[in-house]
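The structure appears right after this line, and notes come after that.
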Amino acid sequence: MSGRSPVLLSAPLDGGYGIVTHATPFHPLDPSWPDQPADSGLIQAEGMELKVADCLTGAVPLDPGPGSGVAGDAERILLGADIPVRRGEGGWAWLVVHVVERHVPESAEALLFVDPVRRRALSAGHTACHVTALALNAALAPRWREPARTDGLGRPDFDALAIVSSRIVERGSRDVYRVGRSLRRAGFTAEGLADDLPGITATMNGLLASWVAADAPVRIDAPSPELAARRTWRCDLPEGTVEMPCGGTHLDRLGELASVTASLELSPEGDELVVETRATGPALSGEWR
């Protein structure tokens with residue numbers, strides 16, 4: 001996970017500089033759905049070795065006409081939540097902004113190194129998060145009456161209909177679901193959910209163990225390498241191929257994991273379900289540099 005690329009832009013930021021290169025192996029934080037944290041790593045340029053303290057999504061409004069681009073746009077670059085449109089909106093250049101401590105001259109040749117240990121641990125957490133969502137849908141399927149939406153395996157899509165927040169961590173994730181009146185109106189039966197949690201958890205973990213044992217292939221498909229390109233996560237599970245939009249990073253196969261396990265907790269009021277996912281594997285720990 002490294003690359004070489006010229007520097008296009010070096011913009012002053014609070015306490016540092018935002019470096020934009022023509023190409024990069026770094027995965028930035030997506031402000032539209034900030035579930036996966038940004039990569040960390042190093043940039044080497046002009047005899048300096050700089051730690052990448054953060055990696056953000058940036059955008060610059062494009063002037064109409066040929067030849068418009070990002071060079072010289074340091075004063076117009078917007079970052080993260082300050083971007084007024086969704087990623088991929090036309091009329092904007094979408095950028096990966098590497099946050100470092102010192103200025104790197106524009107046109108300098110940069111070597112970029114992603115921390116592979118952290119990237120792999122986050123990729124494992126994201127892959128585990130997706131398959132846990134599918135297992136959750138399967139385990140809760142008997143609680144639905146004519147659901148308005150189904151997942152890629154044809155099961156009621158509790159994950160999509162009830163998700164409030166998702167946070168990918170190294171080797172896992174934490175997902176929060178709202179079990180409120182709108183979900184009940186959509187056809188979900190919440191009565192007795194607390195008492196059924198042990199059985200639901202056992203069903204989920206049984207499915208997860210079988211999918212890991214099947215070594216299901218995982219891939220990300222995209223029409224182009226641009227940051228704004230729509231990316232689709234696909235996994236060839238024994239029950240069928242599942243796909244969903246996803247801009248994160250992932251493992252290549254579920255067999256790269258030793259296990260994926262889920263734990264569930266329902267709030268005392270019964271209106272919030274928290275699902276914690278943990279992934280284990282021989283290559284998910286260690287140190288870099």
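Naming scheme: A, B, ... for chains in displayed order of the structure tokens; residues 1 onward per chain; ligands 1 onward as shown.
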Among range 54-214 of chain A, which ones does DSSP place in helix (DSSP H, G or I), written as a PyMOL selection string? chain A and resi 80-82+116-143+158-162+181-185+193-213
Just the residues within 7 Å of Ser32 in chain A, please, counting only C-alpha atoms, with nothing from its chain fewer than 2 positions along; format it as a list in words. Asp30, Pro34 and Arg86 of chain A
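Non-sequential neighbours of Val176 in chain A (distance at most 9 Å, separation of 2 or more positions within a chain, only C-alpha atoms) are Ala162, Ile163, Val164, Ser165, Ser166, Arg167, Arg174, Arg178, Glu272, Leu273, Val274, Val275 and Glu276 of chain A.
For Val60 in chain A, the set of protein, DNA and RNA residues having any atom at most 8 Å away, when counting only C-alpha atoms and skipping those fewer than 2 positions along the same chain, is Gly58, Leu62, Val70, Asp73, Arg76, Ile77, Leu78, Trp92, Ala93, Trp94 and Leu95 of chain A.
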Find the residues around Glu243 in chain A up to 10 Å (only C-alpha atoms counted), leave out those fewer than 2 positions away in its own chain, and share them as a PDB file with N, CA, C and O atoms, in the first residue's frame.
```
ATOM      1  N   HIS A 130     -20.298  -5.701   7.514  1.00  0.00           N
ATOM      2  CA  HIS A 130     -21.279  -5.988   6.466  1.00  0.00           C
ATOM      3  C   HIS A 130     -21.899  -7.380   6.626  1.00  0.00           C
ATOM      4  O   HIS A 130     -23.119  -7.546   6.504  1.00  0.00           O
ATOM      5  N   ASP A 151     -32.869  -7.415   1.668  1.00  0.00           N
ATOM      6  CA  ASP A 151     -31.442  -7.319   1.356  1.00  0.00           C
ATOM      7  C   ASP A 151     -31.093  -8.203   0.164  1.00  0.00           C
ATOM      8  O   ASP A 151     -31.976  -8.771  -0.497  1.00  0.00           O
ATOM      9  N   GLY A 152     -29.802  -8.334  -0.114  1.00  0.00           N
ATOM     10  CA  GLY A 152     -29.352  -9.084  -1.276  1.00  0.00           C
ATOM     11  C   GLY A 152     -29.625 -10.569  -1.210  1.00  0.00           C
ATOM     12  O   GLY A 152     -29.528 -11.264  -2.237  1.00  0.00           O
ATOM     13  N   LEU A 153     -29.969 -11.069  -0.038  1.00  0.00           N
ATOM     14  CA  LEU A 153     -30.322 -12.475   0.111  1.00  0.00           C
ATOM     15  C   LEU A 153     -31.829 -12.672   0.189  1.00  0.00           C
ATOM     16  O   LEU A 153     -32.299 -13.779   0.484  1.00  0.00           O
ATOM     17  N   VAL A 218     -14.647 -11.644  -1.425  1.00  0.00           N
ATOM     18  CA  VAL A 218     -15.128 -10.280  -1.241  1.00  0.00           C
ATOM     19  C   VAL A 218     -14.419  -9.385  -2.252  1.00  0.00           C
ATOM     20  O   VAL A 218     -13.223  -9.566  -2.509  1.00  0.00           O
ATOM     21  N   ARG A 219     -15.138  -8.416  -2.811  1.00  0.00           N
ATOM     22  CA  ARG A 219     -14.487  -7.477  -3.728  1.00  0.00           C
ATOM     23  C   ARG A 219     -15.238  -6.153  -3.737  1.00  0.00           C
ATOM     24  O   ARG A 219     -16.409  -6.081  -3.357  1.00  0.00           O
ATOM     25  N   ILE A 220     -14.546  -5.123  -4.190  1.00  0.00           N
ATOM     26  CA  ILE A 220     -15.150  -3.817  -4.417  1.00  0.00           C
ATOM     27  C   ILE A 220     -15.097  -3.538  -5.915  1.00  0.00           C
ATOM     28  O   ILE A 220     -14.023  -3.581  -6.515  1.00  0.00           O
ATOM     29  N   ASP A 221     -16.245  -3.278  -6.508  1.00  0.00           N
ATOM     30  CA  ASP A 221     -16.327  -2.935  -7.919  1.00  0.00           C
ATOM     31  C   ASP A 221     -16.578  -1.442  -8.060  1.00  0.00           C
ATOM     32  O   ASP A 221     -17.388  -0.860  -7.314  1.00  0.00           O
ATOM     33  N   THR A 232     -19.191  -0.481  -5.141  1.00  0.00           N
ATOM     34  CA  THR A 232     -20.133  -1.506  -4.703  1.00  0.00           C
ATOM     35  C   THR A 232     -19.383  -2.668  -4.070  1.00  0.00           C
ATOM     36  O   THR A 232     -18.459  -3.218  -4.675  1.00  0.00           O
ATOM     37  N   TRP A 233     -19.775  -3.015  -2.836  1.00  0.00           N
ATOM     38  CA  TRP A 233     -19.209  -4.170  -2.123  1.00  0.00           C
ATOM     39  C   TRP A 233     -19.966  -5.414  -2.552  1.00  0.00           C
ATOM     40  O   TRP A 233     -21.208  -5.418  -2.584  1.00  0.00           O
ATOM     41  N   ARG A 234     -19.228  -6.470  -2.888  1.00  0.00           N
ATOM     42  CA  ARG A 234     -19.861  -7.733  -3.278  1.00  0.00           C
ATOM     43  C   ARG A 234     -19.207  -8.877  -2.507  1.00  0.00           C
ATOM     44  O   ARG A 234     -17.994  -8.901  -2.328  1.00  0.00           O
ATOM     45  N   CYS A 235     -20.047  -9.810  -2.071  1.00  0.00           N
ATOM     46  CA  CYS A 235     -19.567 -10.977  -1.344  1.00  0.00           C
ATOM     47  C   CYS A 235     -20.334 -12.202  -1.839  1.00  0.00           C
ATOM     48  O   CYS A 235     -21.567 -12.204  -1.870  1.00  0.00           O
ATOM     49  N   ASP A 236     -19.577 -13.228  -2.229  1.00  0.00           N
ATOM     50  CA  ASP A 236     -20.184 -14.447  -2.769  1.00  0.00           C
ATOM     51  C   ASP A 236     -20.426 -15.453  -1.648  1.00  0.00           C
ATOM     52  O   ASP A 236     -19.656 -16.396  -1.448  1.00  0.00           O
ATOM     53  N   GLY A 240     -25.779 -16.980  -1.932  1.00  0.00           N
ATOM     54  CA  GLY A 240     -25.860 -16.132  -3.117  1.00  0.00           C
ATOM     55  C   GLY A 240     -24.940 -14.936  -3.004  1.00  0.00           C
ATOM     56  O   GLY A 240     -24.384 -14.647  -1.939  1.00  0.00           O
ATOM     57  N   THR A 241     -24.775 -14.227  -4.090  1.00  0.00           N
ATOM     58  CA  THR A 241     -23.935 -13.029  -4.114  1.00  0.00           C
ATOM     59  C   THR A 241     -24.729 -11.836  -3.599  1.00  0.00           C
ATOM     60  O   THR A 241     -25.845 -11.577  -4.055  1.00  0.00           O
ATOM     61  N   PRO A 245     -23.857  -0.611  -1.727  1.00  0.00           N
ATOM     62  CA  PRO A 245     -22.949   0.516  -1.902  1.00  0.00           C
ATOM     63  C   PRO A 245     -22.002   0.629  -0.713  1.00  0.00           C
ATOM     64  O   PRO A 245     -22.415   0.467   0.434  1.00  0.00           O
ATOM     65  N   CYS A 246     -20.735   0.900  -0.974  1.00  0.00           N
ATOM     66  CA  CYS A 246     -19.759   1.054   0.111  1.00  0.00           C
ATOM     67  C   CYS A 246     -18.513   1.753  -0.412  1.00  0.00           C
ATOM     68  O   CYS A 246     -17.951   1.339  -1.431  1.00  0.00           O
TER      69      CYS A 246
END
```
Need to verify the contact set: range 37-50 of chain A, 8 Å, only C-alpha atoms, exclusion of same-chain residues closer than 5 positions in sequence. Can you return it as a VMD selection string? chain A and resid 26 to 29 55 to 56 100 to 102 104 108 to 115 118 to 119 122 168 to 169
Write out as an NGL selection string each polymer residue whose atoms come within 7 Å of Cys129 in chain A, counting only C-alpha atoms; drop sequence neighbours fewer than 5 positions from it. :A and (172-173 or 277)
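Closest approach to Asp196 in chain A among A:Arg120, A:His22, A:Arg87, A:Arg143 is made by A:Arg143 (distances from only C-alpha atoms).
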Between A:Asp215, A:Asp157, A:Asp271, A:Asp175, single out the one closest to Gly255 in chain A, counting only C-alpha atoms. A:Asp215
Which is closest to Met244 in chain A among A:Ala23, A:Ala53, A:Ala133, A:Ala262, if we use only C-alpha atoms? A:Ala133
Could you please write out, as a PyMOL selection string, every residue of range 2-80 of chain A that DSSP assigns to strand (DSSP E or B)? chain A and resi 2-13+16-21+29+41-45+48-52+54-61+78-79
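Rounded to one decimal, CA of Ala209 in chain A and CA of Val260 in chain A lie 6.8 Å from each other.
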Which residue, A:Ala229, A:Gly281, A:Pro31, A:Trp211, has the smallest gap to Gly90 in chain A when you use only C-alpha atoms? A:Ala229
Restricting the calculation to only C-alpha atoms, which member of A:Val97, A:Ala139, A:Leu251, A:Leu183 is positioned closest to Thr127 in chain A? A:Leu251
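Coordinates place CA of His98 in chain A at a distance of 20.3 Å from CA of Ala121 in chain A.
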